[in-house]
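Text of coords-v1.cif (mmCIF, C-alpha atoms and all ligand atoms) as supplied:
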data_work
#
loop_
_atom_site.label_atom_id
_atom_site.label_comp_id
_atom_site.auth_asym_id
_atom_site.auth_seq_id
_atom_site.Cartn_x
_atom_site.Cartn_y
_atom_site.Cartn_z
CA MET G 25 25.42 -17.89 -96.67
CA PRO G 26 22.73 -20.59 -97.03
CA THR G 27 23.58 -23.80 -95.16
CA ILE G 28 23.25 -27.24 -96.71
CA LEU G 29 20.06 -27.55 -94.69
CA ASP G 30 18.64 -24.41 -96.36
CA LYS G 31 19.41 -25.93 -99.77
CA ILE G 32 17.89 -29.29 -98.89
CA VAL G 33 14.72 -27.62 -97.56
CA ALA G 34 14.32 -25.56 -100.76
CA THR G 35 14.64 -28.72 -102.89
CA LYS G 36 12.23 -30.54 -100.60
CA ARG G 37 9.52 -27.89 -101.03
CA ASP G 38 9.59 -28.45 -104.82
CA GLU G 39 9.53 -32.23 -104.35
CA ILE G 40 6.54 -32.03 -102.00
CA ALA G 41 4.57 -29.89 -104.45
CA ARG G 42 5.23 -32.49 -107.19
CA ALA G 43 4.45 -35.43 -104.88
CA LYS G 44 1.05 -33.96 -104.00
CA VAL G 45 0.15 -34.10 -107.71
CA ASP G 46 1.80 -37.44 -108.54
CA ARG G 47 0.69 -39.30 -105.40
CA PRO G 48 -2.33 -37.47 -103.97
CA ALA G 49 -3.26 -37.80 -100.30
CA ASP G 50 -6.39 -39.88 -100.93
CA ARG G 51 -4.32 -42.48 -102.79
CA LEU G 52 -1.81 -42.58 -99.94
CA ARG G 53 -4.60 -42.95 -97.38
CA ALA G 54 -5.92 -45.94 -99.35
CA ALA G 55 -2.43 -47.49 -99.32
CA ILE G 56 -2.17 -46.85 -95.57
CA ALA G 57 -5.35 -48.87 -95.04
CA ASP G 58 -3.46 -51.86 -96.54
CA ALA G 59 -0.13 -51.13 -94.82
CA PRO G 60 1.24 -53.62 -92.29
CA PRO G 61 0.60 -52.81 -88.61
CA VAL G 62 3.06 -50.40 -87.02
CA ARG G 63 6.03 -51.78 -85.07
CA ASP G 64 6.78 -49.93 -81.82
CA PHE G 65 9.92 -47.89 -82.56
CA PHE G 66 9.75 -46.06 -79.23
CA ALA G 67 9.42 -49.22 -77.12
CA ALA G 68 12.37 -50.82 -78.91
CA LEU G 69 14.58 -47.93 -77.76
CA ALA G 70 13.06 -47.40 -74.30
CA ALA G 71 13.46 -51.04 -73.26
CA PRO G 72 15.88 -51.63 -70.37
CA GLY G 73 19.41 -52.85 -71.14
CA PRO G 74 22.49 -51.53 -72.91
CA ILE G 75 22.43 -48.51 -75.22
CA LYS G 76 20.36 -49.26 -78.32
CA LEU G 77 21.53 -48.98 -81.92
CA ILE G 78 19.49 -47.37 -84.67
CA ALA G 79 21.48 -48.53 -87.69
CA GLU G 80 21.20 -46.36 -90.76
CA VAL G 81 20.94 -47.54 -94.36
CA LYS G 82 22.87 -44.71 -96.05
CA LYS G 83 24.37 -44.71 -99.52
CA ALA G 84 25.72 -41.16 -99.74
CA SER G 85 25.66 -37.83 -97.93
CA PRO G 86 26.52 -34.18 -98.49
CA SER G 87 29.45 -34.41 -96.05
CA ALA G 88 30.92 -37.71 -97.29
CA GLY G 89 29.78 -38.03 -100.92
CA LEU G 90 29.31 -41.64 -102.04
CA ILE G 91 29.75 -43.89 -99.00
CA ARG G 92 29.14 -47.29 -100.54
CA ASP G 93 29.29 -48.23 -104.19
CA ASP G 94 27.90 -51.79 -103.98
CA PHE G 95 24.85 -50.58 -102.07
CA ASP G 96 22.20 -53.21 -101.40
CA PRO G 97 19.76 -51.75 -98.83
CA VAL G 98 18.00 -55.02 -98.03
CA SER G 99 21.21 -56.96 -97.52
CA ILE G 100 22.62 -54.17 -95.31
CA ALA G 101 19.39 -54.05 -93.28
CA LYS G 102 19.38 -57.83 -92.76
CA THR G 103 22.99 -57.66 -91.57
CA TYR G 104 22.14 -54.90 -89.11
CA GLU G 105 19.26 -56.98 -87.78
CA ALA G 106 21.37 -60.13 -87.45
CA HIS G 107 24.03 -58.19 -85.49
CA GLY G 108 21.74 -56.68 -82.87
CA ALA G 109 20.38 -53.34 -84.10
CA ALA G 110 17.23 -52.34 -82.20
CA CYS G 111 15.78 -50.26 -85.05
CA LEU G 112 16.68 -49.17 -88.57
CA SER G 113 16.83 -45.77 -90.21
CA VAL G 114 16.43 -45.60 -93.99
CA LEU G 115 17.33 -42.43 -95.86
CA THR G 116 14.65 -41.63 -98.41
CA ASP G 117 16.01 -38.34 -99.79
CA GLN G 118 17.11 -38.91 -103.38
CA GLN G 119 18.96 -35.77 -104.38
CA TYR G 120 21.44 -35.38 -101.51
CA PHE G 121 21.63 -38.91 -100.02
CA GLN G 122 20.77 -41.18 -102.99
CA GLY G 123 17.99 -42.67 -100.88
CA SER G 124 14.49 -43.75 -101.86
CA LEU G 125 11.05 -44.55 -100.48
CA ASP G 126 11.37 -47.84 -102.38
CA TYR G 127 14.39 -48.72 -100.22
CA LEU G 128 12.29 -48.08 -97.13
CA ARG G 129 9.45 -50.28 -98.41
CA ASP G 130 11.84 -53.11 -99.37
CA VAL G 131 13.78 -52.95 -96.10
CA ARG G 132 10.62 -52.85 -93.98
CA GLU G 133 9.29 -55.96 -95.76
CA ALA G 134 12.57 -57.86 -95.37
CA VAL G 135 13.22 -57.36 -91.64
CA GLY G 136 11.32 -57.54 -88.36
CA LEU G 137 12.68 -54.31 -86.86
CA PRO G 138 10.88 -50.96 -86.57
CA CYS G 139 11.97 -48.61 -89.38
CA LEU G 140 12.38 -44.82 -89.48
CA ARG G 141 11.80 -42.63 -92.52
CA LYS G 142 14.95 -40.47 -92.47
CA ASP G 143 14.22 -37.40 -94.53
CA PHE G 144 13.55 -33.69 -94.22
CA ILE G 145 9.88 -33.66 -93.33
CA LEU G 146 8.10 -30.35 -93.80
CA ASP G 147 4.58 -31.44 -94.64
CA GLU G 148 2.01 -33.98 -93.49
CA HIS G 149 2.03 -35.42 -97.03
CA GLN G 150 5.48 -36.89 -96.32
CA LEU G 151 4.13 -38.60 -93.20
CA LEU G 152 1.40 -40.18 -95.32
CA GLU G 153 4.06 -41.35 -97.81
CA ALA G 154 6.08 -42.79 -94.93
CA ARG G 155 3.21 -44.80 -93.45
CA ALA G 156 2.05 -45.92 -96.92
CA VAL G 157 5.39 -47.69 -97.50
CA GLY G 158 5.29 -49.22 -94.00
CA ALA G 159 7.40 -46.82 -91.91
CA ASP G 160 7.03 -47.05 -88.13
CA ALA G 161 8.69 -43.75 -87.29
CA ALA G 162 9.52 -40.44 -88.93
CA LEU G 163 12.23 -37.87 -88.31
CA LEU G 164 11.23 -34.29 -87.56
CA ILE G 165 14.08 -31.76 -87.51
CA ALA G 166 13.51 -28.72 -85.30
CA GLU G 167 15.89 -26.58 -87.39
CA CYS G 168 13.64 -27.05 -90.47
CA LEU G 169 10.33 -26.19 -88.79
CA THR G 170 8.68 -23.39 -86.85
CA PRO G 171 7.57 -24.36 -83.32
CA ASP G 172 3.98 -24.45 -84.58
CA GLU G 173 4.83 -26.65 -87.58
CA LEU G 174 6.82 -28.97 -85.33
CA ARG G 175 3.89 -29.39 -82.95
CA ARG G 176 1.41 -30.00 -85.79
CA LEU G 177 3.63 -32.54 -87.53
CA HIS G 178 4.35 -34.26 -84.22
CA ASP G 179 0.60 -34.61 -83.61
CA ALA G 180 -0.01 -35.75 -87.20
CA ALA G 181 2.70 -38.43 -86.93
CA LEU G 182 1.17 -39.79 -83.73
CA GLU G 183 -2.29 -39.84 -85.33
CA LEU G 184 -0.90 -42.02 -88.11
CA GLY G 185 0.65 -44.35 -85.53
CA LEU G 186 4.20 -43.21 -86.35
CA THR G 187 6.76 -42.55 -83.61
CA PRO G 188 8.17 -39.06 -84.16
CA LEU G 189 11.93 -38.83 -83.55
CA VAL G 190 12.47 -35.11 -83.00
CA GLU G 191 15.99 -33.97 -83.80
CA LEU G 192 17.75 -30.77 -82.89
CA TYR G 193 21.23 -29.32 -83.11
CA ASP G 194 20.74 -25.83 -81.74
CA PRO G 195 20.22 -25.88 -77.93
CA GLU G 196 17.80 -22.96 -78.33
CA ASN G 197 15.38 -25.32 -80.05
CA MET G 198 15.02 -27.61 -77.03
CA LYS G 199 12.13 -25.42 -75.82
CA SER G 200 10.04 -25.98 -78.96
CA VAL G 201 10.97 -29.69 -79.05
CA VAL G 202 9.66 -30.15 -75.52
CA ALA G 203 6.61 -27.95 -76.21
CA ALA G 204 5.75 -30.19 -79.20
CA GLY G 205 5.47 -33.07 -76.73
CA ALA G 206 8.52 -34.99 -77.94
CA LYS G 207 9.29 -38.11 -75.93
CA LEU G 208 11.99 -39.36 -78.33
CA ILE G 209 14.61 -36.66 -78.84
CA GLY G 210 17.67 -36.87 -81.09
CA VAL G 211 20.69 -34.59 -80.76
CA ASN G 212 22.65 -34.18 -83.97
CA ASN G 213 26.39 -33.87 -83.34
CA ARG G 214 27.03 -32.54 -86.85
CA ASN G 215 27.31 -28.78 -87.32
CA LEU G 216 25.65 -28.23 -90.68
CA HIS G 217 27.63 -25.04 -91.37
CA THR G 218 31.02 -26.74 -91.09
CA PHE G 219 30.13 -30.49 -91.08
CA GLU G 220 32.29 -30.79 -87.96
CA VAL G 221 31.18 -33.47 -85.54
CA ASP G 222 31.46 -33.18 -81.75
CA LEU G 223 30.11 -36.02 -79.62
CA GLN G 224 30.32 -33.82 -76.55
CA HIS G 225 27.37 -31.93 -78.02
CA THR G 226 25.03 -34.82 -77.14
CA VAL G 227 26.69 -35.19 -73.73
CA ARG G 228 26.03 -31.51 -72.96
CA MET G 229 22.45 -31.69 -74.26
CA ARG G 230 21.61 -34.67 -72.02
CA GLU G 231 21.48 -32.13 -69.19
CA GLN G 232 19.03 -29.90 -71.06
CA ALA G 233 16.69 -32.64 -72.27
CA PRO G 234 13.85 -33.78 -70.01
CA ALA G 235 15.11 -36.55 -67.74
CA ASP G 236 12.27 -38.86 -68.76
CA CYS G 237 12.74 -38.56 -72.55
CA VAL G 238 14.49 -41.24 -74.56
CA LEU G 239 17.60 -39.51 -75.91
CA VAL G 240 19.35 -40.48 -79.13
CA GLY G 241 22.89 -39.35 -80.00
CA GLU G 242 23.20 -38.87 -83.78
CA SER G 243 26.09 -38.57 -86.26
CA GLY G 244 29.81 -39.13 -86.18
CA ILE G 245 29.76 -42.18 -83.91
CA ARG G 246 32.57 -44.50 -84.98
CA THR G 247 34.10 -46.54 -82.16
CA ASN G 248 33.13 -48.45 -79.05
CA ASP G 249 34.84 -45.69 -77.03
CA ASP G 250 32.33 -43.25 -78.59
CA VAL G 251 29.48 -45.55 -77.62
CA ARG G 252 30.75 -45.88 -74.04
CA LEU G 253 31.16 -42.10 -73.76
CA LEU G 254 27.51 -41.58 -74.71
CA SER G 255 26.21 -44.48 -72.66
CA THR G 256 28.02 -43.19 -69.54
CA ALA G 257 26.44 -39.76 -70.13
CA GLY G 258 22.98 -41.34 -69.95
CA VAL G 259 22.21 -41.44 -73.66
CA ASP G 260 19.68 -44.17 -74.45
CA ALA G 261 20.34 -44.85 -78.13
CA ILE G 262 22.71 -44.00 -80.98
CA LEU G 263 21.99 -43.39 -84.66
CA VAL G 264 24.91 -44.56 -86.80
CA GLY G 265 25.23 -44.59 -90.57
CA GLU G 266 28.47 -43.79 -92.35
CA SER G 267 30.95 -45.60 -90.10
CA LEU G 268 29.00 -48.86 -90.56
CA THR G 269 27.84 -48.57 -94.17
CA ARG G 270 31.38 -47.72 -95.33
CA GLU G 271 32.91 -50.94 -93.97
CA PRO G 272 33.47 -53.96 -96.26
CA ASP G 273 32.17 -56.29 -93.51
CA ILE G 274 29.22 -54.43 -92.01
CA GLY G 275 28.32 -57.17 -89.51
CA ALA G 276 31.84 -57.17 -88.07
CA ALA G 277 31.71 -53.35 -87.87
CA VAL G 278 28.49 -53.50 -85.82
CA ASP G 279 30.06 -56.10 -83.51
CA ARG G 280 33.13 -53.89 -82.99
CA LEU G 281 31.01 -50.79 -82.41
CA LEU G 282 28.86 -52.47 -79.78
CA ALA G 283 31.74 -54.66 -78.46
CA ARG G 284 29.49 -57.69 -78.55
O1 LIG J 1 25.28 -36.77 -93.19
C1 LIG J 1 25.33 -35.63 -93.68
O2 LIG J 1 26.30 -35.24 -94.37
C2 LIG J 1 24.22 -34.67 -93.49
C3 LIG J 1 24.27 -33.44 -94.11
C4 LIG J 1 23.23 -32.53 -93.99
C5 LIG J 1 22.11 -32.85 -93.24
C6 LIG J 1 22.05 -34.08 -92.62
C7 LIG J 1 23.08 -34.98 -92.73
N1 LIG J 1 23.02 -36.22 -92.16
C8 LIG J 1 21.82 -36.75 -91.61
C9 LIG J 1 22.06 -37.48 -90.38
O3 LIG J 1 21.47 -37.11 -89.39
C10 LIG J 1 22.94 -38.70 -90.36
O4 LIG J 1 22.68 -39.45 -91.51
C11 LIG J 1 22.79 -39.59 -89.16
O5 LIG J 1 22.80 -38.90 -87.97
C12 LIG J 1 23.92 -40.64 -89.16
O6 LIG J 1 25.15 -39.97 -89.13
P1 LIG J 1 26.52 -40.69 -89.49
O7 LIG J 1 26.68 -41.86 -88.56
O8 LIG J 1 27.58 -39.67 -89.26
O9 LIG J 1 26.41 -41.15 -90.91
#
Could the structure of this file be written out as structure tokens, please?
Ligand SMILES: O=C(O)c1ccccc1NCC(=O)[C@H](O)[C@H](O)COP(=O)(O)O
Amino acid sequence: MPTILDKIVATKRDEIARAKVDRPADRLRAAIADAPPVRDFFAALAAPGPIKLIAEVKKASPSAGLIRDDFDPVSIAKTYEAHGAACLSVLTDQQYFQGSLDYLRDVREAVGLPCLRKDFILDEHQLLEARAVGADAALLIAECLTPDELRRLHDAALELGLTPLVELYDPENMKSVVAAGAKLIGVNNRNLHTFEVDLQHTVRMREQAPADCVLVGESGIRTNDDVRLLSTAGVDAILVGESLTREPDIGAAVDRLLAR
């Protein structure tokens, strides 16, 4: 049975082929020359102090469907910034998450925080697209890439000045994540076969990740108890989307989550 990730990757391959025709690499490289300087996504998460929040601008998802009807990405991003997020994540996948590269460009222009392109990146062309709209970081998912592809995309992201956030779910992939040179590692708590979420997955993986990496716990984080659980386990940052974006008062939801 193909997983949702298999389906997303198949769609993405078609999209990439079209994007290479519609927005060729030389045009993207010209746009990159005019892009604003990169903000340091890694440093914002590695700084000393309490666990850091990467707040996600997320309209919909395969597991939840439509999360927020009155979706205004810039207003949500400004609220996250005002309530203490360290970084932002903007979903750019259209088909499964109702995201957009335009949202990323608009959000990046409107806030002062480092911004991540949250997508399913399989090709260097998508890294060029990310930097051309101002992204500071890009997600690389180990489950979508061979070890060799992961290493090459990790290198390519760094060459463009992007911080690669390398995500994994399957513990077996930690070897290739480390071999790629990842310093910022995300553990997804969501099983993409069942959509079940288990925060203990990140807790267990803290032991397997290099002690000196910056570790991000991703998905299914809802309460301050969840945040304290991960913080106590030595997790450096959390990536949170649905539980914040769903709330009528997003600022109050961030305050409750971080207990600030
Ligand atoms: O969110 C999904 O349903 C999903 C389905 C298939 C692949 C990826 C998916 N989510 C991507 C993410 O990693 C999350 O958006 C991110 O970790 C935030 O999670 P949450 O706080 O649970 O919205």
Which residue out of G:Ala257, G:Ala88, G:Ala180, G:Ala161 has the minimum interatomic distance to ligand LIG 1 (chain J) when all atoms listed in the file are used? G:Ala88
Can I get the residues close to ligand LIG 1 (chain J) as a short mmCIF file (atom, residue, chain, number, x, y, z; two decimals) with C-alpha atoms, in the frame of the given file, where close means within 9 Å and we count all atoms listed in the file?
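Done, and the output landed in result.cif:
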data_model
loop_
_atom_site.label_atom_id
_atom_site.label_comp_id
_atom_site.auth_asym_id
_atom_site.auth_seq_id
_atom_site.Cartn_x
_atom_site.Cartn_y
_atom_site.Cartn_z
CA THR G 27 23.58 -23.80 -95.16
CA ILE G 28 23.25 -27.24 -96.71
CA LEU G 29 20.06 -27.55 -94.69
CA ILE G 32 17.89 -29.29 -98.89
CA ALA G 79 21.48 -48.53 -87.69
CA GLU G 80 21.20 -46.36 -90.76
CA VAL G 81 20.94 -47.54 -94.36
CA LYS G 82 22.87 -44.71 -96.05
CA ALA G 84 25.72 -41.16 -99.74
CA SER G 85 25.66 -37.83 -97.93
CA PRO G 86 26.52 -34.18 -98.49
CA SER G 87 29.45 -34.41 -96.05
CA ALA G 88 30.92 -37.71 -97.29
CA GLY G 89 29.78 -38.03 -100.92
CA SER G 113 16.83 -45.77 -90.21
CA LEU G 115 17.33 -42.43 -95.86
CA TYR G 120 21.44 -35.38 -101.51
CA PHE G 121 21.63 -38.91 -100.02
CA LYS G 142 14.95 -40.47 -92.47
CA ASP G 143 14.22 -37.40 -94.53
CA PHE G 144 13.55 -33.69 -94.22
CA GLU G 191 15.99 -33.97 -83.80
CA GLY G 210 17.67 -36.87 -81.09
CA VAL G 211 20.69 -34.59 -80.76
CA ASN G 212 22.65 -34.18 -83.97
CA ASN G 213 26.39 -33.87 -83.34
CA ARG G 214 27.03 -32.54 -86.85
CA ASN G 215 27.31 -28.78 -87.32
CA LEU G 216 25.65 -28.23 -90.68
CA PHE G 219 30.13 -30.49 -91.08
CA VAL G 221 31.18 -33.47 -85.54
CA GLY G 241 22.89 -39.35 -80.00
CA GLU G 242 23.20 -38.87 -83.78
CA SER G 243 26.09 -38.57 -86.26
CA GLY G 244 29.81 -39.13 -86.18
CA ILE G 245 29.76 -42.18 -83.91
CA ARG G 246 32.57 -44.50 -84.98
CA ILE G 262 22.71 -44.00 -80.98
CA LEU G 263 21.99 -43.39 -84.66
CA VAL G 264 24.91 -44.56 -86.80
CA GLY G 265 25.23 -44.59 -90.57
CA GLU G 266 28.47 -43.79 -92.35
CA SER G 267 30.95 -45.60 -90.10
CA LEU G 268 29.00 -48.86 -90.56
CA THR G 269 27.84 -48.57 -94.17
#
Atom CA of Val45 of chain G to atom CA of Glu173 of chain G, distance in Å rounded to a single decimal: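 Between these atoms lies a distance of 22.0 Å.
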Proximity to Val98 of chain G - best of G:Glu133, G:Val278, G:Asp64, G:Met25, all atoms listed in the file: G:Glu133
Nearest to Ala71 of chain G, chosen from G:Asp38, G:Asp50, G:Asp273, G:Asp260, with all atoms listed in the file counted in the distances: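 Distance minimum relative to Ala71 of chain G lands on G:Asp260.
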So that each row is one residue of segment 147-254 of chain G with an atom at most 9 Å from segment 51-59 of chain G, can you give its shortest atom pair and the distance in Å to one decimal, using all atoms listed in the file, rows by chain and rising number, as JSON lines?
{"residue": "G:His149", "atom": "CA", "partner": "G:Leu52", "partner_atom": "CA", "distance": 8.6}
{"residue": "G:Leu152", "atom": "CA", "partner": "G:Leu52", "partner_atom": "CA", "distance": 6.1}
{"residue": "G:Glu153", "atom": "CA", "partner": "G:Leu52", "partner_atom": "CA", "distance": 6.4}
{"residue": "G:Arg155", "atom": "CA", "partner": "G:Ile56", "partner_atom": "CA", "distance": 6.1}
{"residue": "G:Ala156", "atom": "CA", "partner": "G:Ile56", "partner_atom": "CA", "distance": 4.5}
{"residue": "G:Val157", "atom": "CA", "partner": "G:Ala59", "partner_atom": "CA", "distance": 7.0}
{"residue": "G:Gly158", "atom": "CA", "partner": "G:Ala59", "partner_atom": "CA", "distance": 5.8}
{"residue": "G:Leu184", "atom": "CA", "partner": "G:Ile56", "partner_atom": "CA", "distance": 9.0}
Shortest interatomic distance to Ser124 of chain G - which of G:Pro60, G:Pro138, G:Pro97, G:Gly108, counting all atoms listed in the file: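 Using all atoms listed in the file, the shortest distance to Ser124 of chain G belongs to G:Pro97.
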What does the distance between atom CA of Leu177 of chain G and atom CA of Ile209 of chain G come to in Å, to one decimal place? 14.6 Å
Hey, which of G:Arg270, G:Ala49, G:Ala206, G:Thr218 ends up closest to Leu239 of chain G? Count all atoms listed in the file.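 Going through G:Arg270, G:Ala49, G:Ala206, G:Thr218 one by one, the smallest distance to Leu239 of chain G is for G:Ala206.
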Å distance separating atom CA of Arg47 of chain G from atom CA of Asp126 of chain G, one decimal place: 14.0 Å
Using all atoms listed in the file: which of G:Arg92, G:Lys207, G:Lys76, G:Lys83 has the shortest distance to Gly258 of chain G: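 Closest to Gly258 of chain G, using all atoms listed in the file: G:Lys76.
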Selection near Asp279 of chain G, 10 Å with only C-alpha atoms, sequence-local residues under 6 positions removed, as a list of chain:residue names: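 In the requested form, the answer reads G:Tyr104, G:His107, G:Gly108, G:Asn248.
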Can you list, as a PyMOL selection string, every protein, DNA or RNA residue that comes within 9 Å of Met198 of chain G when you count only C-alpha atoms, leaving out same-chain residues fewer than 5 positions away? chain G and resi 166+192-193+203+229+232-233
Go ahead and dump the residues you just picked, C-alpha atoms, as a compact mmCIF listing (two decimals), in the frame of the given file.
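Printed below is part.txt as written:
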# COMPACT_ATOMS: atom_id res chain seq x y z
CA ALA G 166 13.51 -28.72 -85.30
CA LEU G 192 17.75 -30.77 -82.89
CA TYR G 193 21.23 -29.32 -83.11
CA ALA G 203 6.61 -27.95 -76.21
CA MET G 229 22.45 -31.69 -74.26
CA GLN G 232 19.03 -29.90 -71.06
CA ALA G 233 16.69 -32.64 -72.27
